[in-house]
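**Student:** The structure is given below, and queries will be raised subsequently.
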Amino acid sequence: MAVTQYTKTLATQPNLQQLKDEIDADATITPKYVADEGIDWTSPNVLHIWMSDALTAGEETALDAVIAAHTPITPLEDTNSAVYKEAREPAATDDITKGVAVDDWWYDTVSDGIYICTDNTEGAAVWALVSDSQTAERSKSIFQIVFTTQSDPYKTTSASDWEILSRFRFTGTDVVGDIVSIKVVAQVVSGNGTGSAQIRDITNNTVIAEASNIINTADPAIFDLGTISNVPTDEAVFEVRGMRSSGSASTIGYSAIHLEF
């Protein structure tokens with residue numbers, strides 16, 4: 001599938017997490033995001049949505065209707081990612097009405113406190129302080145991007161050049177800490193070849209991790225991308241890429257990527 005970027009000029013900024021959920025709820029819009037983070041806003045007034053395939057005229061009409069009907073709830077500073085950055089600790093009112101989901105992170109830039117949402121009930125949200133504790137290490141251990149749906153168990157490629165599997169926003173090591181391991185869930189779908197995987201920081205044009213000829217089984221397995229480098233301190237957009245690295249008639253399937261902290 002080819003990645004397609006849909007853009008639209010809007011008068012006011014939408015609540016990106018809320019809009020994502022509203023688009024997902026419309027069954028007539030078949031192509032979905034490359035990743036949950038595949039929706040972005042560029043100042044002063046441009047909405048970007050990365051879709052997994054081109055929209056038909058009917059799907060574009062449906063998408064336009066969802067966007068036109070969107071009434072944004074008061075957003076937090078960074079509602080299009082799983083980490084909120086605010087100059088305060090979270091409150092009970094930082095809840096589902098602000099796009100908060102259970103297991104979302106909150107970074108207090110004043111105290112350097114890190115919190116995780118355990119309950120996002122309106123008016124009664126619960127945020128657990130997990131900074132500098134074993135709980136923080138356990139809770140933050142894995143960040144996963146899934147490329148697939150129930151009807152499409154993996155994204156496939158038979159190309160011998162890198163193809164984009166997913167695109168997501170990395171919030172920076174100043175918020176989430178160092179990445180200690182990157183693993184991909186993949187398999188050889190057909191043929192006898194092997195596959196390779198890469199994570200690339202497209203904001204800074206650097207390779208974060210890359211491993212060749214690691215995907216070599218006919219059953220889904222977890223493969224380690226090995227050496228990690230060039231991880232940015234600040235926010236950046238990452239791409240997950242895959243390719244067939246051997247076997248001219250082979251097809252490689254990719255399901256998900258795991259970043260461990």
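Ordering of the structure tokens sets the chain letters (A, B, ...); residue numbers start at 1 within each chain; ligands are numbered from 1 in the order shown.
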Give me, as a Markdown table, each residue of segment 83-134 of chain A that comes within 12 Å of segment 147-171 of chain A, together with its shortest interatomic pair and the distance in Å at one decimal, counting only C-alpha atoms, with rows ordered by chain and rising residue number.

**Tutor:**
| residue | atom | partner | partner_atom | distance |
| --- | --- | --- | --- | --- |
| A:Val83 | CA | A:Thr171 | CA | 7.2 |
| A:Tyr84 | CA | A:Thr171 | CA | 9.4 |
| A:Lys85 | CA | A:Thr171 | CA | 9.7 |
| A:Trp105 | CA | A:Thr171 | CA | 10.9 |
| A:Trp106 | CA | A:Thr171 | CA | 11.6 |
| A:Tyr107 | CA | A:Thr171 | CA | 10.8 |

**Student:** For Asp40 of chain A, find every residue with an atom within 9 Å (counting only C-alpha atoms), except residues of its own chain fewer than 2 positions away, and show them as a compact mmCIF listing (two decimals) with N, CA and C atoms, in the first residue's frame.

**Tutor:**
# COMPACT_ATOMS: atom_id res chain seq x y z
N LEU A 16 -6.81 16.78 18.08
CA LEU A 16 -6.35 15.72 17.19
C LEU A 16 -6.71 14.33 17.69
N GLU A 37 -0.53 8.01 15.43
CA GLU A 37 0.02 9.37 15.44
C GLU A 37 0.05 10.00 14.05
N GLY A 38 -0.59 9.34 13.05
CA GLY A 38 -0.55 9.84 11.68
C GLY A 38 -1.53 10.96 11.40
N THR A 42 -0.29 21.74 11.29
CA THR A 42 0.81 22.66 11.00
C THR A 42 0.28 24.07 11.06
N VAL A 46 -3.31 24.20 8.87
CA VAL A 46 -3.35 23.07 7.95
C VAL A 46 -3.37 21.75 8.72
N LEU A 47 -4.38 20.93 8.44
CA LEU A 47 -4.50 19.59 9.01
C LEU A 47 -3.89 18.57 8.06
N HIS A 48 -3.07 17.65 8.60
CA HIS A 48 -2.47 16.58 7.81
C HIS A 48 -2.92 15.24 8.38
N ILE A 49 -3.33 14.32 7.50
CA ILE A 49 -3.66 12.96 7.92
C ILE A 49 -2.98 12.00 6.96
N TRP A 50 -2.14 11.10 7.51
CA TRP A 50 -1.48 10.09 6.68
C TRP A 50 -2.36 8.85 6.62
N ASN A 80 -2.01 14.95 20.38
CA ASN A 80 -1.82 13.96 19.33
C ASN A 80 -0.70 12.99 19.68

**Student:** Enumerate the residues of segment 24-208 of chain A with a DSSP assignment of helix (DSSP H, G or I), computed from the backbone, and present them as a PyMOL selection string.

**Tutor:** chain A and resi 24+57-69+96-98+134-139+173-176

**Student:** Residues of segment 4-202 of chain A classed as strand (DSSP E) by DSSP on the backbone are to be reported as a PyMOL selection string.

**Tutor:** chain A and resi 4-9+39-42+46-51+83-86+105-108+113-119+126-129+142-146+155-157+163-170+181-190+194-201

**Student:** Could you list, as a PyMOL selection string, every residue within 9 Å of Ala125 of chain A, counting only C-alpha atoms and ignoring same-chain residues fewer than 3 positions away?

**Tutor:** chain A and resi 90-96+117-122

**Student:** Which one is closest to Gln198 of chain A: A:Pro220, A:Gly226, A:Gly172, A:Gly99? Count only C-alpha atoms.

**Tutor:**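 Residue with the minimum atom-to-atom distance to Gln198 of chain A: A:Gly226.
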
**Student:** Excluding segment 246-248 of chain A and any residue of its chain fewer than 3 positions from it, enumerate the residues within 12 Å of it, using only C-alpha atoms, and give them as an MDAnalysis selection string.

**Tutor:** chainID A and resid 157:161 188:196 212:216 243 251:252

**Student:** Please provide as a PyMOL selection string all residues within 10 Å of Val184 of chain A, with the sequence filter that same-chain residues fewer than 4 positions apart are discarded (counting only C-alpha atoms).

**Tutor:** chain A and resi 144-146+196-198+214-215+220-225+240+242+254-259

**Student:** I'd like the interatomic distance between atom CA of Thr173 of chain A and atom CA of Gly113 of chain A, to a tenth of an Å.

**Tutor:**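 Between these atoms lies a distance of 14.5 Å.
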
**Student:** So how far away is atom CA of Ile29 of chain A from atom CA of Asp64 of chain A, in Å?

**Tutor:**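 According to the coordinates, atom CA of Asp64 of chain A and atom CA of Ile29 of chain A are separated by 10.5 Å.
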
**Student:** Between A:Ala211, A:Glu89, A:Ser229, A:Thr30, single out the one closest to Asp108 of chain A, counting only C-alpha atoms.

**Tutor:**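 Smallest separation from Asp108 of chain A among the options: A:Glu89.
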